[in-house]
$ cat query_27.pdb   # PDB, C-alpha atoms
MODEL        1
ATOM      1  CA  MET A  10      27.938   2.617   3.059
ATOM      2  CA  ALA A  11      31.153   2.651   5.084
ATOM      3  CA  THR A  12      30.631   0.223   7.937
ATOM      4  CA  PRO A  13      32.784   0.807  10.996
ATOM      5  CA  PHE A  14      34.256  -2.121  12.878
ATOM      6  CA  PRO A  15      32.663  -3.096  15.179
ATOM      7  CA  PRO A  16      29.158  -2.080  14.051
ATOM      8  CA  PRO A  17      27.398   0.611  16.112
ATOM      9  CA  ILE A  18      25.432  -0.507  19.173
ATOM     10  CA  VAL A  19      22.861   1.823  20.702
ATOM     11  CA  HIS A  20      22.273   1.784  24.466
ATOM     12  CA  HIS A  21      20.780   4.081  27.095
ATOM     13  CA  PRO A  22      20.796   3.559  30.888
ATOM     14  CA  ALA A  23      17.086   4.447  30.894
ATOM     15  CA  PHE A  24      16.357   1.167  29.065
ATOM     16  CA  ARG A  25      16.178  -0.348  32.551
ATOM     17  CA  ALA A  26      13.123   1.071  34.330
ATOM     18  CA  GLU A  27      12.359   0.709  38.016
ATOM     19  CA  MET A  28       9.822  -2.060  38.566
ATOM     20  CA  PRO A  29       7.785  -3.325  41.523
ATOM     21  CA  ALA A  30       9.362  -6.222  43.380
ATOM     22  CA  GLY A  31       8.410  -9.559  41.875
ATOM     23  CA  HIS A  32       7.205  -8.186  38.537
ATOM     24  CA  ARG A  33       7.502 -10.874  35.873
ATOM     25  CA  PHE A  34       9.034  -8.694  33.162
ATOM     26  CA  PRO A  35      12.859  -9.217  33.253
ATOM     27  CA  MET A  36      13.779  -5.521  33.248
ATOM     28  CA  ASP A  37      17.319  -6.161  34.511
ATOM     29  CA  LYS A  38      18.221  -7.847  31.226
ATOM     30  CA  PHE A  39      18.882  -4.506  29.511
ATOM     31  CA  SER A  40      21.610  -3.327  31.878
ATOM     32  CA  ARG A  41      23.048  -6.835  32.072
ATOM     33  CA  LEU A  42      23.158  -7.091  28.264
ATOM     34  CA  ALA A  43      25.133  -3.844  28.091
ATOM     35  CA  ALA A  44      27.563  -5.170  30.686
ATOM     36  CA  VAL A  45      28.034  -8.418  28.740
ATOM     37  CA  LEU A  46      28.722  -6.551  25.485
ATOM     38  CA  GLU A  47      31.228  -4.287  27.217
ATOM     39  CA  ALA A  48      32.982  -7.206  28.932
ATOM     40  CA  GLU A  49      33.270  -9.116  25.652
ATOM     41  CA  GLY A  50      34.484  -6.053  23.750
ATOM     42  CA  VAL A  51      31.585  -6.352  21.305
ATOM     43  CA  ALA A  52      30.734  -2.679  21.748
ATOM     44  CA  GLY A  53      34.255  -1.721  20.662
ATOM     45  CA  PRO A  54      36.619   0.859  22.165
ATOM     46  CA  ALA A  55      34.254   3.746  21.386
ATOM     47  CA  GLY A  56      31.511   2.175  23.493
ATOM     48  CA  PHE A  57      27.809   2.605  22.949
ATOM     49  CA  VAL A  58      25.928   5.213  20.960
ATOM     50  CA  LEU A  59      23.676   7.144  23.367
ATOM     51  CA  PRO A  60      20.313   7.889  21.719
ATOM     52  CA  GLU A  61      18.062  10.881  22.248
ATOM     53  CA  PRO A  62      14.621  10.032  23.675
ATOM     54  CA  ILE A  63      12.034  10.059  20.920
ATOM     55  CA  ASP A  64      10.188  13.324  20.330
ATOM     56  CA  LEU A  65       6.436  13.771  20.587
ATOM     57  CA  GLU A  66       6.022  14.561  16.890
ATOM     58  CA  SER A  67       7.545  11.222  15.887
ATOM     59  CA  LEU A  68       5.380   9.286  18.349
ATOM     60  CA  LEU A  69       2.282  10.907  16.871
ATOM     61  CA  LEU A  70       3.173   9.562  13.421
ATOM     62  CA  VAL A  71       2.010   6.190  14.798
ATOM     63  CA  HIS A  72       0.201   6.580  18.126
ATOM     64  CA  ASP A  73      -2.956   8.432  19.090
ATOM     65  CA  GLU A  74      -2.244  11.580  21.080
ATOM     66  CA  ALA A  75      -4.572  10.632  23.939
ATOM     67  CA  TYR A  76      -2.642   7.385  24.475
ATOM     68  CA  VAL A  77       0.769   9.076  24.214
ATOM     69  CA  ARG A  78      -0.273  11.765  26.700
ATOM     70  CA  GLY A  79      -1.582   9.109  29.050
ATOM     71  CA  VAL A  80       1.785   7.369  29.070
ATOM     72  CA  ILE A  81       3.892  10.505  29.471
ATOM     73  CA  ASP A  82       1.576  12.346  31.879
ATOM     74  CA  LEU A  83       1.030   9.162  33.927
ATOM     75  CA  THR A  84      -2.733   9.289  33.404
ATOM     76  CA  LEU A  85      -3.421   6.005  31.605
ATOM     77  CA  PRO A  86      -6.747   4.420  32.539
ATOM     78  CA  ALA A  87      -6.209   1.422  34.807
ATOM     79  CA  GLU A  88      -7.545  -1.010  32.202
ATOM     80  CA  VAL A  89      -5.055   0.256  29.608
ATOM     81  CA  ALA A  90      -2.154  -0.019  32.051
ATOM     82  CA  ARG A  91      -3.227  -3.598  32.802
ATOM     83  CA  ARG A  92      -3.220  -4.392  29.099
ATOM     84  CA  VAL A  93       0.278  -2.974  28.742
ATOM     85  CA  GLY A  94       1.426  -5.071  31.669
ATOM     86  CA  LEU A  95       3.848  -2.453  32.982
ATOM     87  CA  PRO A  96       3.214   0.218  35.635
ATOM     88  CA  ASN A  97       2.321   3.694  34.352
ATOM     89  CA  THR A  98       5.264   5.414  36.041
ATOM     90  CA  GLU A  99       7.765   8.085  35.056
ATOM     91  CA  SER A 100      10.543   5.497  34.902
ATOM     92  CA  VAL A 101       8.587   3.279  32.491
ATOM     93  CA  ALA A 102       7.563   6.287  30.369
ATOM     94  CA  LYS A 103      11.176   7.456  30.101
ATOM     95  CA  ARG A 104      12.253   3.952  29.216
ATOM     96  CA  ALA A 105       9.660   3.747  26.440
ATOM     97  CA  GLN A 106      10.777   7.069  24.948
ATOM     98  CA  ALA A 107      14.452   6.101  25.192
ATOM     99  CA  ALA A 108      13.849   2.701  23.574
ATOM    100  CA  VAL A 109      12.036   4.231  20.589
ATOM    101  CA  GLY A 110      14.790   6.807  20.256
ATOM    102  CA  GLY A 111      17.278   3.947  20.360
ATOM    103  CA  THR A 112      15.625   2.101  17.493
ATOM    104  CA  LEU A 113      15.453   5.282  15.403
ATOM    105  CA  ALA A 114      19.134   5.925  16.115
ATOM    106  CA  ALA A 115      19.997   2.349  15.139
ATOM    107  CA  ALA A 116      18.045   2.729  11.903
ATOM    108  CA  ARG A 117      19.863   5.956  11.010
ATOM    109  CA  LEU A 118      23.201   4.308  11.781
ATOM    110  CA  ALA A 119      22.260   1.290   9.674
ATOM    111  CA  LEU A 120      21.501   3.541   6.714
ATOM    112  CA  ALA A 121      24.886   5.212   7.148
ATOM    113  CA  HIS A 122      26.996   2.138   7.907
ATOM    114  CA  GLY A 123      25.047  -0.902   6.715
ATOM    115  CA  ILE A 124      24.258  -2.425  10.093
ATOM    116  CA  ALA A 125      23.494  -1.266  13.637
ATOM    117  CA  CYS A 126      21.738  -2.754  16.648
ATOM    118  CA  ASN A 127      19.788  -1.484  19.629
ATOM    119  CA  THR A 128      20.069  -3.089  23.077
ATOM    120  CA  ALA A 129      16.304  -2.687  23.468
ATOM    121  CA  GLY A 130      13.333  -2.391  21.108
ATOM    122  CA  GLY A 131      10.980  -4.778  19.413
ATOM    123  CA  SER A 132       7.811  -3.638  21.202
ATOM    124  CA  HIS A 133       5.645  -5.106  18.485
ATOM    125  CA  HIS A 134       2.366  -5.555  20.389
ATOM    126  CA  ALA A 135       1.826  -1.800  20.802
ATOM    127  CA  GLN A 136      -0.896  -0.507  18.478
ATOM    128  CA  ALA A 137      -1.947   3.015  17.534
ATOM    129  CA  ASP A 138      -4.224   3.567  20.511
ATOM    130  CA  THR A 139      -2.844   1.235  23.162
ATOM    131  CA  GLY A 140       0.058  -0.819  24.389
ATOM    132  CA  ALA A 141      -0.068  -4.531  25.165
ATOM    133  CA  GLY A 142       2.123  -7.445  26.159
ATOM    134  CA  PHE A 143       4.821  -5.355  27.922
ATOM    135  CA  CYS A 144       4.982  -3.015  24.899
ATOM    136  CA  VAL A 145       4.317   0.708  25.417
ATOM    137  CA  PHE A 146       5.247   2.388  22.118
ATOM    138  CA  ASN A 147       5.915   0.497  18.877
ATOM    139  CA  ASP A 148       9.527   1.524  18.319
ATOM    140  CA  VAL A 149       9.989  -0.111  14.908
ATOM    141  CA  ALA A 150       6.773   1.451  13.599
ATOM    142  CA  VAL A 151       7.727   4.916  14.840
ATOM    143  CA  ALA A 152      11.245   4.678  13.418
ATOM    144  CA  ALA A 153       9.927   3.457  10.071
ATOM    145  CA  ARG A 154       7.316   6.209   9.852
ATOM    146  CA  ARG A 155       9.859   8.883  10.771
ATOM    147  CA  LEU A 156      12.330   7.771   8.100
ATOM    148  CA  LEU A 157       9.570   7.442   5.508
ATOM    149  CA  ALA A 158       8.287  10.934   6.351
ATOM    150  CA  GLU A 159      11.783  12.362   5.916
ATOM    151  CA  GLY A 160      12.274  10.593   2.592
ATOM    152  CA  ALA A 161      15.289   8.743   3.971
ATOM    153  CA  VAL A 162      13.700   5.481   2.809
ATOM    154  CA  GLY A 163      10.896   4.612   0.425
ATOM    155  CA  ARG A 164      10.337   0.950   1.285
ATOM    156  CA  VAL A 165      10.805  -0.881   4.607
ATOM    157  CA  LEU A 166      10.732  -4.577   5.472
ATOM    158  CA  VAL A 167      10.052  -5.742   9.030
ATOM    159  CA  VAL A 168      11.450  -9.206   9.744
ATOM    160  CA  ASP A 169       9.878 -10.164  13.071
ATOM    161  CA  LEU A 170      11.186 -13.447  14.485
ATOM    162  CA  ASP A 171       9.992 -13.006  18.049
ATOM    163  CA  VAL A 172       8.041 -16.077  19.206
ATOM    164  CA  HIS A 173       4.875 -13.960  19.421
ATOM    165  CA  GLN A 174       3.201 -12.518  16.362
ATOM    166  CA  GLY A 175       3.976  -8.856  15.641
ATOM    167  CA  ASP A 176       0.286  -8.013  15.763
ATOM    168  CA  GLY A 177       0.641  -4.340  16.649
ATOM    169  CA  THR A 178       3.055  -3.692  13.814
ATOM    170  CA  ALA A 179       0.811  -5.550  11.365
ATOM    171  CA  ARG A 180      -2.222  -3.488  12.355
ATOM    172  CA  ILE A 181      -0.346  -0.178  12.213
ATOM    173  CA  PHE A 182       0.860  -0.823   8.656
ATOM    174  CA  GLU A 183      -2.253  -2.551   7.334
ATOM    175  CA  GLY A 184      -2.857  -1.178   3.854
ATOM    176  CA  ASP A 185       0.444   0.732   3.828
ATOM    177  CA  SER A 186       2.442  -0.459   0.812
ATOM    178  CA  SER A 187       5.603   1.323   1.967
ATOM    179  CA  VAL A 188       6.107  -1.163   4.835
ATOM    180  CA  PHE A 189       6.022  -4.947   4.412
ATOM    181  CA  THR A 190       5.447  -6.873   7.661
ATOM    182  CA  PHE A 191       6.723 -10.446   7.995
ATOM    183  CA  SER A 192       6.158 -12.366  11.222
ATOM    184  CA  MET A 193       7.317 -15.930  11.903
ATOM    185  CA  HIS A 194       5.997 -17.040  15.272
ATOM    186  CA  ALA A 195       4.490 -19.828  17.354
ATOM    187  CA  GLU A 196       0.984 -20.490  16.066
ATOM    188  CA  LYS A 197      -0.609 -21.124  19.474
ATOM    189  CA  ASN A 198       1.149 -18.383  21.435
ATOM    190  CA  PHE A 199       0.091 -14.858  22.400
ATOM    191  CA  PRO A 200      -1.842 -12.989  21.100
ATOM    192  CA  ALA A 201      -4.895 -15.219  20.995
ATOM    193  CA  ARG A 202      -6.451 -13.038  18.287
ATOM    194  CA  LYS A 203      -3.856 -12.682  15.562
ATOM    195  CA  ALA A 204      -3.571  -9.758  13.182
ATOM    196  CA  VAL A 205      -2.869 -10.209   9.476
ATOM    197  CA  SER A 206       0.704  -9.380   8.525
ATOM    198  CA  ASP A 207       1.728  -9.061   4.882
ATOM    199  CA  LEU A 208       3.292 -12.479   5.460
ATOM    200  CA  ASP A 209       2.649 -14.698   8.471
ATOM    201  CA  VAL A 210       4.414 -18.008   9.058
ATOM    202  CA  ALA A 211       2.858 -19.785  12.045
ATOM    203  CA  LEU A 212       4.930 -22.634  13.466
ATOM    204  CA  PRO A 213       3.688 -25.623  15.478
ATOM    205  CA  ASP A 214       4.664 -26.083  19.118
ATOM    206  CA  GLY A 215       8.074 -27.612  19.652
ATOM    207  CA  THR A 216       9.592 -26.545  16.322
ATOM    208  CA  GLY A 217      13.346 -26.994  16.683
ATOM    209  CA  ASP A 218      16.478 -25.636  15.034
ATOM    210  CA  ALA A 219      16.421 -27.671  11.822
ATOM    211  CA  ALA A 220      12.787 -27.104  10.848
ATOM    212  CA  TYR A 221      12.868 -23.458  11.943
ATOM    213  CA  LEU A 222      15.995 -22.582   9.971
ATOM    214  CA  GLU A 223      14.807 -24.530   6.940
ATOM    215  CA  THR A 224      11.538 -22.581   6.906
ATOM    216  CA  LEU A 225      13.308 -19.249   7.315
ATOM    217  CA  GLY A 226      15.743 -20.185   4.566
ATOM    218  CA  GLU A 227      12.860 -20.877   2.194
ATOM    219  CA  VAL A 228      11.159 -17.546   2.928
ATOM    220  CA  LEU A 229      13.679 -14.777   3.577
ATOM    221  CA  PRO A 230      15.827 -14.665   0.409
ATOM    222  CA  ASP A 231      12.764 -14.545  -1.829
ATOM    223  CA  LEU A 232      11.169 -11.924   0.416
ATOM    224  CA  LEU A 233      14.229  -9.679   0.214
ATOM    225  CA  ALA A 234      14.240 -10.019  -3.556
ATOM    226  CA  ARG A 235      10.506  -9.329  -3.942
ATOM    227  CA  THR A 236      10.254  -6.375  -1.589
ATOM    228  CA  ALA A 237      13.627  -4.767  -2.430
ATOM    229  CA  PRO A 238      13.596  -2.723   0.780
ATOM    230  CA  ASP A 239      15.747   0.311   1.495
ATOM    231  CA  LEU A 240      15.967  -0.830   5.131
ATOM    232  CA  VAL A 241      15.213  -3.964   7.149
ATOM    233  CA  PHE A 242      14.168  -3.908  10.798
ATOM    234  CA  PHE A 243      15.063  -7.256  12.368
ATOM    235  CA  ASN A 244      13.248  -8.180  15.586
ATOM    236  CA  ALA A 245      15.573 -10.805  17.031
ATOM    237  CA  GLY A 246      13.453 -11.974  19.944
ATOM    238  CA  VAL A 247      15.105 -14.889  21.746
ATOM    239  CA  ASP A 248      11.849 -16.252  23.151
ATOM    240  CA  PRO A 249      11.723 -19.055  20.531
ATOM    241  CA  HIS A 250      14.366 -20.686  22.776
ATOM    242  CA  ALA A 251      13.419 -24.046  24.269
ATOM    243  CA  ASP A 252      13.958 -22.742  27.828
ATOM    244  CA  ASP A 253      12.006 -19.505  27.459
ATOM    245  CA  LYS A 254       9.165 -19.135  29.955
ATOM    246  CA  LEU A 255       6.773 -17.555  27.431
ATOM    247  CA  GLY A 256       7.759 -19.415  24.271
ATOM    248  CA  ARG A 257       6.406 -22.611  22.722
ATOM    249  CA  LEU A 258       9.230 -23.379  20.295
ATOM    250  CA  SER A 259      12.432 -25.327  20.895
ATOM    251  CA  LEU A 260      15.419 -23.463  19.486
ATOM    252  CA  SER A 261      18.841 -23.817  21.082
ATOM    253  CA  ASP A 262      21.454 -21.103  21.610
ATOM    254  CA  GLU A 263      23.219 -22.436  18.513
ATOM    255  CA  GLY A 264      19.991 -22.282  16.523
ATOM    256  CA  LEU A 265      19.409 -18.671  17.522
ATOM    257  CA  ALA A 266      22.999 -17.780  16.632
ATOM    258  CA  ARG A 267      22.569 -19.377  13.199
ATOM    259  CA  ARG A 268      19.292 -17.497  12.748
ATOM    260  CA  GLU A 269      20.908 -14.118  13.534
ATOM    261  CA  ALA A 270      23.828 -14.849  11.211
ATOM    262  CA  PHE A 271      21.500 -15.868   8.394
ATOM    263  CA  VAL A 272      19.239 -12.812   8.625
ATOM    264  CA  LEU A 273      22.061 -10.293   8.948
ATOM    265  CA  GLY A 274      24.174 -11.990   6.293
ATOM    266  CA  SER A 275      21.253 -12.219   3.865
ATOM    267  CA  CYS A 276      20.717  -8.472   4.141
ATOM    268  CA  LEU A 277      24.365  -7.458   3.991
ATOM    269  CA  GLU A 278      25.214  -9.618   0.986
ATOM    270  CA  ARG A 279      22.435  -7.843  -0.920
ATOM    271  CA  GLY A 280      23.581  -4.413   0.205
ATOM    272  CA  ILE A 281      20.425  -3.867   2.285
ATOM    273  CA  PRO A 282      20.923  -1.922   5.549
ATOM    274  CA  VAL A 283      19.602  -3.727   8.609
ATOM    275  CA  ALA A 284      18.722  -2.403  12.062
ATOM    276  CA  GLY A 285      18.469  -5.016  14.806
ATOM    277  CA  VAL A 286      16.302  -4.845  17.941
ATOM    278  CA  ILE A 287      16.327  -7.435  20.703
ATOM    279  CA  GLY A 288      12.624  -8.276  21.070
ATOM    280  CA  GLY A 289      11.345 -10.650  23.728
ATOM    281  CA  GLY A 290      13.152 -13.024  26.024
ATOM    282  CA  TYR A 291      11.925 -14.343  29.371
ATOM    283  CA  ASP A 292      14.162 -16.316  31.707
ATOM    284  CA  ALA A 293      14.528 -16.138  35.471
ATOM    285  CA  ASP A 294      18.304 -16.305  35.016
ATOM    286  CA  ILE A 295      19.104 -12.755  33.877
ATOM    287  CA  ASP A 296      22.725 -13.547  33.082
ATOM    288  CA  ARG A 297      21.753 -16.440  30.827
ATOM    289  CA  LEU A 298      19.099 -14.283  29.164
ATOM    290  CA  ALA A 299      21.495 -11.387  28.565
ATOM    291  CA  HIS A 300      24.015 -13.711  26.909
ATOM    292  CA  ARG A 301      21.204 -15.023  24.710
ATOM    293  CA  HIS A 302      20.264 -11.489  23.620
ATOM    294  CA  ALA A 303      23.944 -10.767  22.968
ATOM    295  CA  LEU A 304      23.826 -13.302  20.123
ATOM    296  CA  LEU A 305      22.390 -10.552  17.887
ATOM    297  CA  HIS A 306      25.228  -8.151  18.558
ATOM    298  CA  ARG A 307      27.899 -10.846  18.267
ATOM    299  CA  ALA A 308      26.399 -11.933  14.939
ATOM    300  CA  ALA A 309      26.453  -8.352  13.659
ATOM    301  CA  ARG A 310      30.159  -8.162  14.379
ATOM    302  CA  LYS A 311      30.878 -11.530  12.816
ATOM    303  CA  ALA A 312      28.843 -10.611   9.721
ATOM    304  CA  LEU A 313      31.309  -7.817   9.020
ATOM    305  CA  GLU A 314      34.256 -10.149   9.397
ATOM    306  CA  ALA A 315      32.885 -12.588   6.823
TER     307      ALA A 315
ENDMDL
END
$ encode --input "query_27.pdb" --output "structure tokens"
Amino acid sequence: MATPFPPPIVHHPAFRAEMPAGHRFPMDKFSRLAAVLEAEGVAGPAGFVLPEPIDLESLLLVHDEAYVRGVIDLTLPAEVARRVGLPNTESVAKRAQAAVGGTLAAARLALAHGIACNTAGGSHHAQADTGAGFCVFNDVAVAARRLLAEGAVGRVLVVDLDVHQGDGTARIFEGDSSVFTFSMHAEKNFPARKAVSDLDVALPDGTGDAAYLETLGEVLPDLLARTAPDLVFFNAGVDPHADDKLGRLSLSDEGLARREAFVLGSCLERGIPVAGVIGGGYDADIDRLAHRHALLHRAARKALEA
């Protein structure tokens, strides 16, 4: 793998969908994150990699056709749209397709260069027949299934460190030995009914930097050794932050930065390609939230300098 410097970053303007006024999902964070990365020079002189929206065939490797058609044709039943938590509009549908395409592009770039990150992705609550929790299509699951179907990889590890359990991903890959799902999350947070990942680490409310990083340090190196994956998908949700509106943990910005560095470094030092997605993050201050999400992309750059 010949890793360019800086590592590739995937972004599409469609990641920001039009939303009703006052909607609680912080949709503006995607465009603001791109602006932050450009201003800091993290994206490099070549700028962002523009992904193709995901194709229907790839979506159907994971999702039921009736659900996919409902999203794209804007015909989702009202109760399903409520479960998703986002309006069933053309803008949201295009965003979902672009985000999945972005994660697949990041995964392909990671296989070619060792590391790559999306500026969206991590929609881990989406299941085969429905979305949930602001997640329309499960981008990591679709990207993994596409690469497995092509024979580009034979074994995938999902490292999901969003504050909420990756229940959709766990259910999609239940009984599938080609994908190992690991979720470390707040025990008492959404979803109320947890799935069963291949490995779940449920943390008590208020877990801070030291205990969180110690636990991760005890789990991840052994997991990488045992699973020997051809590719890691890293969901770097920043909602474990102490100030996050939907989190129940107490990480600081420094703790998140150390987490990103540890995960990316652990993969790179073992020669395992890693594709990063940003996952969840909920803060009324969009600028502060975008800088928090940028920790993943900064860490990817620093990992190559080490």
$ atom_distance --input "query_27.pdb" --atom1 "atom CA of A:His122" --atom2 "atom CA of A:Arg104"
26.0 Å
$ closest_atom_pairs --input "query_27.pdb" --of "stretch 54-79 of chain A" --to "stretch 34-49 of chain A" --cutoff "12 Å" --atoms "all atoms listed in the file" --output "Markdown table"
| residue | atom | partner | partner_atom | distance |
| --- | --- | --- | --- | --- |
| A:Pro54 | CA | A:Glu47 | CA | 9.0 |
| A:Ala55 | CA | A:Glu47 | CA | 10.4 |
| A:Gly56 | CA | A:Glu47 | CA | 7.5 |
| A:Phe57 | CA | A:Ala43 | CA | 8.7 |
| A:Val58 | CA | A:Ala43 | CA | 11.6 |
$ residues_near_point --input "query_27.pdb" --point "(14.9, -7.0, 13.3)" --cutoff "12 Å" --atoms "all atoms listed in the file" --output "ChimeraX atom specification"
/A:112,115-116,119,124-133,148-150,165-171,175,190-193,240-247,268-269,272-273,276,282-289,305-306,309
$ resolve_selection --input "query_27.pdb" --expression "the PyMOL selection byres ((chain A and resi 87-103) around 10)" --output "VMD selection string"
chain A and resid 23 to 29 32 to 34 62 to 63 76 to 77 79 to 86 104 to 108 134 to 135 138 to 146
$ closest_residue --input "query_27.pdb" --among "A:Pro22, A:Pro213, A:Gly280, A:Pro17" --to "A:Gly256" --atoms "only C-alpha atoms"
A:Pro213
$ atom_distance --input "query_27.pdb" --atom1 "atom CA of A:Ala30" --atom2 "atom CA of A:Asp294"
15.9 Å
$ resolve_selection --input "query_27.pdb" --expression "the PyMOL selection byres ((chain A and resi 200) around 8)" --output "ChimeraX atom specification"
/A:173-174,176,198-199,201-203
$ decode --input "query_27.pdb" --residues "stretch 100-119 of chain A" --atoms "N, CA, C and O atoms" --output "short mmCIF file (atom, residue, chain, number, x, y, z; two decimals), in the first residue's frame"
data_model
loop_
_atom_site.label_atom_id
_atom_site.label_comp_id
_atom_site.auth_asym_id
_atom_site.auth_seq_id
_atom_site.Cartn_x
_atom_site.Cartn_y
_atom_site.Cartn_z
N SER A 100 -34.09 15.31 -1.16
CA SER A 100 -32.80 15.76 -0.64
C SER A 100 -32.22 14.75 0.34
O SER A 100 -31.02 14.44 0.31
N VAL A 101 -33.05 14.21 1.22
CA VAL A 101 -32.58 13.22 2.19
C VAL A 101 -32.21 11.91 1.49
O VAL A 101 -31.21 11.26 1.84
N ALA A 102 -32.99 11.52 0.48
CA ALA A 102 -32.69 10.29 -0.26
C ALA A 102 -31.36 10.43 -1.00
O ALA A 102 -30.54 9.49 -1.01
N LYS A 103 -31.12 11.57 -1.62
CA LYS A 103 -29.85 11.79 -2.32
C LYS A 103 -28.69 11.81 -1.34
O LYS A 103 -27.61 11.30 -1.64
N ARG A 104 -28.92 12.39 -0.18
CA ARG A 104 -27.88 12.41 0.83
C ARG A 104 -27.53 10.98 1.27
O ARG A 104 -26.35 10.63 1.39
N ALA A 105 -28.55 10.16 1.49
CA ALA A 105 -28.30 8.79 1.93
C ALA A 105 -27.50 8.02 0.89
O ALA A 105 -26.56 7.28 1.22
N GLN A 106 -27.84 8.17 -0.39
CA GLN A 106 -27.12 7.47 -1.45
C GLN A 106 -25.69 7.99 -1.58
O GLN A 106 -24.76 7.21 -1.80
N ALA A 107 -25.51 9.31 -1.42
CA ALA A 107 -24.17 9.88 -1.50
C ALA A 107 -23.31 9.42 -0.33
O ALA A 107 -22.11 9.13 -0.49
N ALA A 108 -23.89 9.36 0.87
CA ALA A 108 -23.13 8.96 2.05
C ALA A 108 -22.65 7.52 1.96
O ALA A 108 -21.51 7.20 2.32
N VAL A 109 -23.51 6.62 1.46
CA VAL A 109 -23.10 5.23 1.29
C VAL A 109 -22.02 5.13 0.22
O VAL A 109 -21.02 4.42 0.40
N GLY A 110 -22.20 5.87 -0.87
CA GLY A 110 -21.16 5.91 -1.89
C GLY A 110 -19.85 6.44 -1.34
O GLY A 110 -18.77 5.99 -1.72
N GLY A 111 -19.95 7.41 -0.42
CA GLY A 111 -18.75 7.96 0.20
C GLY A 111 -18.01 6.95 1.05
O GLY A 111 -16.77 6.89 1.03
N THR A 112 -18.74 6.14 1.80
CA THR A 112 -18.08 5.13 2.63
C THR A 112 -17.47 4.03 1.77
O THR A 112 -16.37 3.54 2.06
N LEU A 113 -18.14 3.64 0.69
CA LEU A 113 -17.56 2.66 -0.22
C LEU A 113 -16.30 3.22 -0.87
O LEU A 113 -15.28 2.51 -0.98
N ALA A 114 -16.34 4.47 -1.27
CA ALA A 114 -15.15 5.10 -1.87
C ALA A 114 -14.00 5.15 -0.86
O ALA A 114 -12.84 4.87 -1.21
N ALA A 115 -14.32 5.50 0.39
CA ALA A 115 -13.28 5.54 1.42
C ALA A 115 -12.68 4.16 1.65
O ALA A 115 -11.47 4.01 1.85
N ALA A 116 -13.52 3.14 1.62
CA ALA A 116 -13.03 1.77 1.82
C ALA A 116 -12.10 1.36 0.68
O ALA A 116 -11.04 0.75 0.91
N ARG A 117 -12.48 1.67 -0.56
CA ARG A 117 -11.61 1.34 -1.70
C ARG A 117 -10.28 2.09 -1.60
O ARG A 117 -9.20 1.53 -1.88
N LEU A 118 -10.34 3.34 -1.20
CA LEU A 118 -9.12 4.14 -1.05
C LEU A 118 -8.25 3.60 0.09
O LEU A 118 -7.02 3.60 -0.01
N ALA A 119 -8.88 3.14 1.15
CA ALA A 119 -8.13 2.56 2.26
C ALA A 119 -7.40 1.30 1.82
O ALA A 119 -6.24 1.08 2.19
#
